[in-house]
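Chemist: Take a look at run02.cif, mmCIF, C-alpha atoms and all ligand atoms:
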```
data_my_file
loop_
_atom_site.group_PDB
_atom_site.id
_atom_site.type_symbol
_atom_site.label_atom_id
_atom_site.label_comp_id
_atom_site.auth_asym_id
_atom_site.auth_seq_id
_atom_site.Cartn_x
_atom_site.Cartn_y
_atom_site.Cartn_z
ATOM 1 C CA MET V 9 9.323 216.011 -87.632
ATOM 2 C CA ARG V 10 10.756 218.755 -89.895
ATOM 3 C CA THR V 11 14.256 220.014 -89.135
ATOM 4 C CA PRO V 12 14.023 223.787 -88.831
ATOM 5 C CA LEU V 13 16.221 225.944 -91.033
ATOM 6 C CA VAL V 14 17.627 229.337 -90.141
ATOM 7 C CA ALA V 15 18.843 231.025 -93.314
ATOM 8 C CA GLY V 16 20.758 234.296 -93.566
ATOM 9 C CA ASN V 17 20.232 236.420 -96.669
ATOM 10 C CA TRP V 18 23.159 238.802 -96.785
ATOM 11 C CA LYS V 19 21.771 240.685 -99.811
ATOM 12 C CA MET V 20 24.221 243.196 -101.372
ATOM 13 C CA ASN V 21 26.380 243.416 -98.253
ATOM 14 C CA THR V 22 29.888 242.341 -97.234
ATOM 15 C CA THR V 23 33.129 242.211 -99.194
ATOM 16 C CA ILE V 24 34.641 238.854 -100.089
ATOM 17 C CA SER V 25 36.931 238.878 -97.064
ATOM 18 C CA GLY V 26 34.127 240.183 -94.837
ATOM 19 C CA ALA V 27 31.854 237.389 -96.056
ATOM 20 C CA VAL V 28 34.457 234.733 -95.274
ATOM 21 C CA ALA V 29 34.955 236.174 -91.788
ATOM 22 C CA LEU V 30 31.198 236.367 -91.113
ATOM 23 C CA ALA V 31 30.655 232.827 -92.387
ATOM 24 C CA GLY V 32 33.457 231.552 -90.164
ATOM 25 C CA GLU V 33 31.971 233.179 -87.075
ATOM 26 C CA VAL V 34 28.517 231.793 -87.850
ATOM 27 C CA ALA V 35 29.814 228.287 -88.524
ATOM 28 C CA ALA V 36 31.796 228.206 -85.284
ATOM 29 C CA GLY V 37 28.838 229.497 -83.279
ATOM 30 C CA VAL V 38 26.290 226.993 -84.578
ATOM 31 C CA GLU V 39 28.503 223.908 -84.911
ATOM 32 C CA HIS V 40 27.069 222.230 -81.804
ATOM 33 C CA MET V 41 23.404 223.026 -82.606
ATOM 34 C CA ALA V 42 22.744 219.916 -84.647
ATOM 35 C CA ALA V 43 18.949 220.104 -84.337
ATOM 36 C CA VAL V 44 18.747 223.159 -86.605
ATOM 37 C CA ASP V 45 19.898 223.460 -90.227
ATOM 38 C CA VAL V 46 21.806 226.649 -90.974
ATOM 39 C CA ALA V 47 22.501 228.291 -94.318
ATOM 40 C CA VAL V 48 23.996 231.581 -95.452
ATOM 41 C CA TYR V 49 23.424 233.378 -98.742
ATOM 42 C CA PRO V 50 26.378 235.671 -99.540
ATOM 43 C CA PRO V 51 26.711 237.779 -102.708
ATOM 44 C CA PHE V 52 27.705 235.827 -105.853
ATOM 45 C CA VAL V 53 31.328 236.974 -105.879
ATOM 46 C CA ALA V 54 31.887 235.592 -102.373
ATOM 47 C CA LEU V 55 30.214 232.208 -102.932
ATOM 48 C CA GLN V 56 33.305 230.198 -103.757
ATOM 49 C CA SER V 57 35.401 231.655 -100.956
ATOM 50 C CA VAL V 58 32.600 231.151 -98.434
ATOM 51 C CA ALA V 59 31.935 227.614 -99.699
ATOM 52 C CA ARG V 60 35.620 226.812 -99.194
ATOM 53 C CA ALA V 61 35.586 228.348 -95.705
ATOM 54 C CA LEU V 62 32.474 226.375 -94.733
ATOM 55 C CA HIS V 63 33.661 223.050 -96.121
ATOM 56 C CA GLY V 64 33.384 220.409 -93.389
ATOM 57 C CA THR V 65 31.103 222.516 -91.186
ATOM 58 C CA ARG V 66 27.341 222.099 -90.769
ATOM 59 C CA THR V 67 26.601 225.553 -92.198
ATOM 60 C CA SER V 68 25.696 225.423 -95.866
ATOM 61 C CA VAL V 69 25.977 228.103 -98.498
ATOM 62 C CA GLY V 70 23.425 229.174 -101.084
ATOM 63 C CA ALA V 71 22.914 231.773 -103.798
ATOM 64 C CA GLN V 72 20.527 234.721 -103.628
ATOM 65 C CA ASN V 73 19.209 234.337 -107.168
ATOM 66 C CA MET V 74 19.915 232.738 -110.557
ATOM 67 C CA HIS V 75 18.770 232.736 -114.176
ATOM 68 C CA PHE V 76 16.807 229.710 -115.376
ATOM 69 C CA GLU V 77 18.898 229.183 -118.534
ATOM 70 C CA GLU V 78 22.195 227.289 -118.488
ATOM 71 C CA SER V 79 24.084 229.814 -120.625
ATOM 72 C CA GLY V 80 23.519 232.525 -123.213
ATOM 73 C CA ALA V 81 23.380 236.229 -123.933
ATOM 74 C CA PHE V 82 22.100 237.370 -120.532
ATOM 75 C CA THR V 83 24.555 240.044 -119.433
ATOM 76 C CA GLY V 84 25.124 240.140 -115.697
ATOM 77 C CA GLU V 85 23.180 236.954 -114.953
ATOM 78 C CA VAL V 86 24.370 233.775 -113.214
ATOM 79 C CA SER V 87 23.247 230.357 -114.422
ATOM 80 C CA PRO V 88 22.521 227.131 -112.514
ATOM 81 C CA ASN V 89 25.578 225.527 -114.152
ATOM 82 C CA MET V 90 27.788 228.215 -112.670
ATOM 83 C CA LEU V 91 26.446 227.387 -109.209
ATOM 84 C CA ASP V 92 27.001 223.673 -109.681
ATOM 85 C CA GLY V 93 29.311 222.266 -107.016
ATOM 86 C CA VAL V 94 29.406 225.561 -105.119
ATOM 87 C CA VAL V 95 25.955 225.859 -103.514
ATOM 88 C CA ALA V 96 23.210 223.492 -102.417
ATOM 89 C CA SER V 97 20.296 225.922 -102.544
ATOM 90 C CA VAL V 98 19.145 229.147 -104.113
ATOM 91 C CA ILE V 99 16.747 231.884 -103.008
ATOM 92 C CA LEU V 100 14.199 232.554 -105.751
ATOM 93 C CA GLY V 101 11.425 235.123 -105.998
ATOM 94 C CA HIS V 102 12.660 237.254 -103.100
ATOM 95 C CA SER V 103 10.419 240.300 -102.791
ATOM 96 C CA GLU V 104 13.314 242.581 -103.725
ATOM 97 C CA ARG V 105 13.666 240.629 -106.981
ATOM 98 C CA ARG V 106 9.914 240.764 -107.572
ATOM 99 C CA HIS V 107 9.304 244.379 -106.642
ATOM 100 C CA ILE V 108 12.563 246.229 -107.392
ATOM 101 C CA PHE V 109 13.607 244.206 -110.447
ATOM 102 C CA GLY V 110 10.125 243.350 -111.664
ATOM 103 C CA GLU V 111 10.337 239.554 -111.674
ATOM 104 C CA PRO V 112 6.877 238.152 -112.462
ATOM 105 C CA ASP V 113 5.395 234.910 -111.141
ATOM 106 C CA GLU V 114 6.016 233.078 -114.443
ATOM 107 C CA LEU V 115 9.733 233.877 -114.324
ATOM 108 C CA VAL V 116 10.068 232.824 -110.686
ATOM 109 C CA ALA V 117 8.310 229.541 -111.475
ATOM 110 C CA ARG V 118 10.720 228.857 -114.369
ATOM 111 C CA LYS V 119 13.619 229.477 -112.008
ATOM 112 C CA VAL V 120 12.197 227.036 -109.454
ATOM 113 C CA ARG V 121 11.828 224.418 -112.208
ATOM 114 C CA SER V 122 15.398 225.052 -113.335
ATOM 115 C CA ALA V 123 16.764 224.816 -109.780
ATOM 116 C CA PHE V 124 15.263 221.348 -109.366
ATOM 117 C CA ASP V 125 16.529 220.334 -112.820
ATOM 118 C CA HIS V 126 20.045 221.244 -111.698
ATOM 119 C CA GLY V 127 19.961 219.577 -108.288
ATOM 120 C CA LEU V 128 19.539 222.794 -106.321
ATOM 121 C CA THR V 129 16.993 223.265 -103.530
ATOM 122 C CA PRO V 130 14.885 226.362 -104.137
ATOM 123 C CA VAL V 131 14.099 228.675 -101.260
ATOM 124 C CA PHE V 132 10.983 230.010 -102.937
ATOM 125 C CA CYS V 133 9.746 233.312 -101.500
ATOM 126 C CA VAL V 134 6.167 234.535 -101.444
ATOM 127 C CA GLY V 135 4.363 237.325 -99.664
ATOM 128 C CA GLU V 136 1.853 240.106 -99.974
ATOM 129 C CA GLN V 137 2.347 243.864 -100.002
ATOM 130 C CA LEU V 138 0.851 246.072 -97.289
ATOM 131 C CA ALA V 139 -2.107 247.261 -99.380
ATOM 132 C CA GLU V 140 -2.896 243.661 -100.274
ATOM 133 C CA ARG V 141 -2.939 242.610 -96.614
ATOM 134 C CA GLU V 142 -5.008 245.638 -95.640
ATOM 135 C CA SER V 143 -7.585 244.832 -98.292
ATOM 136 C CA GLY V 144 -7.829 241.195 -97.120
ATOM 137 C CA ARG V 145 -6.075 239.771 -100.179
ATOM 138 C CA THR V 146 -3.141 237.973 -98.487
ATOM 139 C CA GLU V 147 -4.369 234.474 -99.313
ATOM 140 C CA GLU V 148 -5.292 235.433 -102.857
ATOM 141 C CA VAL V 149 -1.796 236.828 -103.516
ATOM 142 C CA VAL V 150 0.138 234.042 -101.799
ATOM 143 C CA GLY V 151 -2.147 231.450 -103.394
ATOM 144 C CA ARG V 152 -1.437 232.888 -106.841
ATOM 145 C CA GLN V 153 2.340 232.954 -106.255
ATOM 146 C CA VAL V 154 2.393 229.364 -105.000
ATOM 147 C CA GLY V 155 0.030 228.286 -107.798
ATOM 148 C CA PHE V 156 2.524 229.218 -110.515
ATOM 149 C CA VAL V 157 5.173 226.982 -108.939
ATOM 150 C CA VAL V 158 2.874 224.095 -108.057
ATOM 151 C CA ASP V 159 2.159 223.685 -111.777
ATOM 152 C CA GLN V 160 5.874 223.123 -112.445
ATOM 153 C CA ILE V 161 6.891 220.526 -109.864
ATOM 154 C CA SER V 162 6.303 216.936 -108.781
ATOM 155 C CA PRO V 163 5.131 215.754 -105.332
ATOM 156 C CA ALA V 164 8.693 214.621 -104.491
ATOM 157 C CA GLU V 165 10.011 218.062 -105.408
ATOM 158 C CA ALA V 166 7.286 219.767 -103.393
ATOM 159 C CA ALA V 167 8.392 217.726 -100.368
ATOM 160 C CA ARG V 168 11.983 218.941 -100.815
ATOM 161 C CA MET V 169 11.050 222.553 -101.427
ATOM 162 C CA ILE V 170 11.636 225.339 -98.940
ATOM 163 C CA ILE V 171 9.031 228.088 -99.084
ATOM 164 C CA ALA V 172 9.619 231.376 -97.313
ATOM 165 C CA TYR V 173 6.570 233.410 -96.360
ATOM 166 C CA GLU V 174 7.877 236.962 -96.355
ATOM 167 C CA PRO V 175 5.257 239.700 -96.162
ATOM 168 C CA VAL V 176 6.728 242.570 -98.170
ATOM 169 C CA TRP V 177 5.706 245.099 -95.519
ATOM 170 C CA ALA V 178 7.835 243.289 -92.937
ATOM 171 C CA ILE V 179 11.065 243.002 -94.923
ATOM 172 C CA GLY V 180 13.730 245.398 -93.746
ATOM 173 C CA THR V 181 11.134 247.616 -92.067
ATOM 174 C CA GLY V 182 11.565 246.609 -88.430
ATOM 175 C CA VAL V 183 7.869 245.659 -88.414
ATOM 176 C CA ASN V 184 7.471 241.912 -88.115
ATOM 177 C CA ALA V 185 4.348 239.857 -88.659
ATOM 178 C CA THR V 186 2.701 238.789 -85.419
ATOM 179 C CA PRO V 187 3.125 235.117 -84.490
ATOM 180 C CA ASP V 188 -0.527 234.582 -85.477
ATOM 181 C CA GLN V 189 -0.070 236.250 -88.854
ATOM 182 C CA ALA V 190 3.078 234.205 -89.534
ATOM 183 C CA GLU V 191 1.435 230.951 -88.423
ATOM 184 C CA ASP V 192 -1.744 231.566 -90.425
ATOM 185 C CA ALA V 193 0.173 232.287 -93.627
ATOM 186 C CA CYS V 194 2.574 229.350 -93.175
ATOM 187 C CA ALA V 195 -0.362 227.016 -92.435
ATOM 188 C CA PHE V 196 -2.168 228.335 -95.509
ATOM 189 C CA ILE V 197 0.892 227.573 -97.670
ATOM 190 C CA ARG V 198 1.114 224.061 -96.218
ATOM 191 C CA ASP V 199 -2.581 223.550 -96.997
ATOM 192 C CA LEU V 200 -1.910 224.578 -100.587
ATOM 193 C CA ILE V 201 0.851 221.954 -100.847
ATOM 194 C CA ASP V 202 -1.479 219.418 -99.275
ATOM 195 C CA GLY V 203 -4.232 220.287 -101.753
ATOM 196 C CA SER V 204 -1.925 219.837 -104.751
ATOM 197 C CA PHE V 205 0.377 217.026 -103.634
ATOM 198 C CA GLY V 206 -1.103 215.383 -100.550
ATOM 199 C CA GLN V 207 -0.236 215.039 -96.906
ATOM 200 C CA GLU V 208 3.156 213.426 -97.274
ATOM 201 C CA ALA V 209 4.615 216.309 -99.308
ATOM 202 C CA ALA V 210 2.860 218.913 -97.140
ATOM 203 C CA GLY V 211 4.251 217.304 -94.013
ATOM 204 C CA ARG V 212 7.804 217.383 -95.314
ATOM 205 C CA ALA V 213 8.041 220.757 -97.116
ATOM 206 C CA ARG V 214 9.600 223.403 -94.914
ATOM 207 C CA VAL V 215 7.847 226.743 -94.633
ATOM 208 C CA LEU V 216 9.932 229.590 -93.211
ATOM 209 C CA TYR V 217 8.898 232.999 -91.961
ATOM 210 C CA GLY V 218 10.905 236.064 -92.964
ATOM 211 C CA GLY V 219 10.484 239.740 -92.208
ATOM 212 C CA SER V 220 12.376 241.734 -89.558
ATOM 213 C CA VAL V 221 13.187 238.642 -87.517
ATOM 214 C CA ASN V 222 15.425 239.564 -84.584
ATOM 215 C CA THR V 223 16.548 238.139 -81.265
ATOM 216 C CA GLY V 224 13.674 239.903 -79.486
ATOM 217 C CA ASN V 225 10.735 238.722 -81.601
ATOM 218 C CA TRP V 226 11.800 235.297 -82.866
ATOM 219 C CA ASP V 227 11.016 233.126 -79.855
ATOM 220 C CA ASP V 228 7.259 233.699 -80.119
ATOM 221 C CA ILE V 229 7.217 233.104 -83.867
ATOM 222 C CA THR V 230 9.418 229.994 -84.026
ATOM 223 C CA ARG V 231 7.212 228.194 -81.498
ATOM 224 C CA ARG V 232 4.288 228.165 -83.922
ATOM 225 C CA GLU V 233 3.436 224.803 -85.438
ATOM 226 C CA ASN V 234 3.742 225.593 -89.128
ATOM 227 C CA VAL V 235 6.797 227.846 -88.927
ATOM 228 C CA ASP V 236 9.848 225.730 -89.781
ATOM 229 C CA GLY V 237 12.499 228.389 -89.365
ATOM 230 C CA ALA V 238 13.430 231.832 -90.576
ATOM 231 C CA LEU V 239 14.804 233.659 -93.573
ATOM 232 C CA VAL V 240 16.736 236.480 -91.959
ATOM 233 C CA GLY V 241 18.035 239.635 -93.642
ATOM 234 C CA GLY V 242 19.437 242.420 -91.460
ATOM 235 C CA ALA V 243 20.040 240.331 -88.331
ATOM 236 C CA SER V 244 22.046 237.768 -90.323
ATOM 237 C CA LEU V 245 24.855 240.302 -90.840
ATOM 238 C CA ASP V 246 25.654 240.221 -87.137
ATOM 239 C CA ALA V 247 27.187 236.839 -86.289
ATOM 240 C CA PRO V 248 26.291 236.782 -82.557
ATOM 241 C CA ASP V 249 22.670 237.792 -83.336
ATOM 242 C CA PHE V 250 22.353 235.184 -86.073
ATOM 243 C CA VAL V 251 23.842 232.463 -83.871
ATOM 244 C CA ARG V 252 21.398 233.506 -81.142
ATOM 245 C CA LEU V 253 18.488 233.085 -83.589
ATOM 246 C CA VAL V 254 19.661 229.533 -84.272
ATOM 247 C CA GLU V 255 19.883 228.927 -80.526
ATOM 248 C CA ILE V 256 16.372 230.316 -79.932
ATOM 249 C CA THR V 257 15.094 228.023 -82.696
ATOM 250 C CA ARG V 258 16.778 224.990 -81.116
ATOM 251 C CA ASP V 259 15.559 225.827 -77.611
ATOM 252 C CA ALA V 260 11.970 226.151 -78.851
ATOM 253 C CA LEU V 261 11.923 222.624 -80.287
ATOM 254 C CA PRO V 262 9.684 220.220 -78.380
ATOM 255 C CA ALA V 263 11.602 217.843 -76.109
ATOM 256 C CA ASP V 264 11.775 214.265 -77.534
HETATM 257 C C1 LIG Z 301 14.909 239.113 -96.193
HETATM 258 O O1 LIG Z 301 15.679 239.787 -96.847
HETATM 259 O O2 LIG Z 301 14.545 238.030 -96.634
HETATM 260 C C2 LIG Z 301 14.451 239.626 -94.903
HETATM 261 C C3 LIG Z 301 13.519 238.962 -94.277
HETATM 262 O O3 LIG Z 301 15.035 240.794 -94.436
HETATM 263 P P1 LIG Z 301 14.891 241.393 -92.945
HETATM 264 O O4 LIG Z 301 15.122 240.266 -91.975
HETATM 265 O O5 LIG Z 301 15.958 242.445 -92.876
HETATM 266 O O6 LIG Z 301 13.516 241.954 -92.835
#
```
Could you render the structure as structure tokens?
Ligand code: PEP

Modeler:
Amino acid sequence: MRTPLVAGNWKMNTTISGAVALAGEVAAGVEHMAAVDVAVYPPFVALQSVARALHGTRTSVGAQNMHFEESGAFTGEVSPNMLDGVVASVILGHSERRHIFGEPDELVARKVRSAFDHGLTPVFCVGEQLAERESGRTEEVVGRQVGFVVDQISPAEAARMIIAYEPVWAIGTGVNATPDQAEDACAFIRDLIDGSFGQEAAGRARVLYGGSVNTGNWDDITRRENVDGALVGGASLDAPDFVRLVEITRDALPAD
């Protein structure tokens, strides 16, 4: 019912020419896998070149972050207007933005609001830290993060939103959530959308898992009911691995 999405977050990696080459390899590798949506998130400086390279393919390009204002005295920031016509979606509230750069829930929620106001699809990231999971607070933390955004959006926007459940302890660590942990958290997020906006929105919103996804662990996770794809960091920098993740996602889809 929901088309899965495999999204590659390249973080602060690649040069402009390296990004174009990587994007080209990905696009060629996934072109025939129509059952899965594919998106890549290069660094800002490579967005235009990658967007040009991907034009006419079924791989889309998005930004890794943005400011919520359209313009102003915000040195080093990128506004939604600057992304207009270049990207279709934007990652917001990634754990590295929250925990390295100190972005609070209120700020992330304003960014999500701004993305919708500017015709961009937010890939809104949530997830608990290790101590929070170990003290049984995963749902409290994820519930709070989602709660800030739910207050800012309409049911139609909730249906279009992409939410990435990314436990902080699994990002870039090589330790992935178990399929049960991923499914439970993704189902919990869908229940939150259901509680705020009803079944229709909850049935359409895509909930991704992210955190040390690789070609060895993804098959078991993608088969879970409430996991609608992956947000991939490290493994997205290797074109054959990333293409393989898309293939695993496609092969796990139920037969019609
Ligand atoms: C990410 O950056 O969103 C991520 C999940 O990274 P990794 O796959 O490297 O854990």

Chemist: Step by step, work through what the PyMOL selection byres (((chain V and resi 114) around 12) and not hetatm) selects in the shown file, and finish by giving those residues as a VMD selection string.

Modeler: chain V and resid 76 100 to 101 106 110 to 113 115 to 121 152 to 160

Chemist: Find the distance between atom CA of Glu140 of chain V and atom CA of Tyr173 of chain V and write it in Å to one decimal.

Modeler: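 Separating atom CA of Glu140 of chain V from atom CA of Tyr173 of chain V is a distance of 14.5 Å.
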
Chemist: Residues within 6 Å of ligand LIG 301 (chain Z), counting only C-alpha atoms and all ligand atoms: report them as an NGL selection string.

Modeler: :V and (17 or 178-180 or 218-221 or 239-242)

Chemist: Given the file shown, enumerate the residues that the PyMOL selection byres (((chain V and resi 21-27) around 9) and not hetatm) captures and present them as a compact mmCIF listing (two decimals) with C-alpha atoms, in the coordinates of the input.

Modeler:
```txt
# COMPACT_ATOMS: atom_id res chain seq x y z
CA TRP V 18 23.16 238.80 -96.78
CA LYS V 19 21.77 240.68 -99.81
CA MET V 20 24.22 243.20 -101.37
CA VAL V 28 34.46 234.73 -95.27
CA ALA V 29 34.96 236.17 -91.79
CA LEU V 30 31.20 236.37 -91.11
CA ALA V 31 30.66 232.83 -92.39
CA GLY V 32 33.46 231.55 -90.16
CA PRO V 50 26.38 235.67 -99.54
CA PRO V 51 26.71 237.78 -102.71
CA VAL V 53 31.33 236.97 -105.88
CA ALA V 54 31.89 235.59 -102.37
CA LEU V 55 30.21 232.21 -102.93
CA SER V 57 35.40 231.66 -100.96
CA VAL V 58 32.60 231.15 -98.43
CA LEU V 245 24.86 240.30 -90.84
```

Chemist: Rounded to one decimal, what separation in Å do you get between atom CA of Val251 of chain V and atom CA of Glu33 of chain V?

Modeler: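 According to the coordinates, atom CA of Val251 of chain V and atom CA of Glu33 of chain V are separated by 8.8 Å.
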
Chemist: Counting only C-alpha atoms, I want the residues whose atoms come within 6 Å of (25.2, 231.4, -101.4) in the file frame, returned as a list of chain:residue names.

Modeler: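 All residues meeting the 6 Å criterion around (25.2, 231.4, -101.4) are V:Tyr49, V:Pro50, V:Leu55, V:Val69, V:Gly70, V:Ala71, V:Val95.
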
Chemist: Give as JSON, numbers by chain the residues that the PyMOL selection byres (((chain V and resi 208) around 12) and not hetatm) matches when applied to the coordinates above.

Modeler: {"V": [9, 10, 163, 164, 165, 166, 167, 168, 198, 199, 201, 202, 203, 204, 205, 206, 207, 209, 210, 211, 212, 213]}
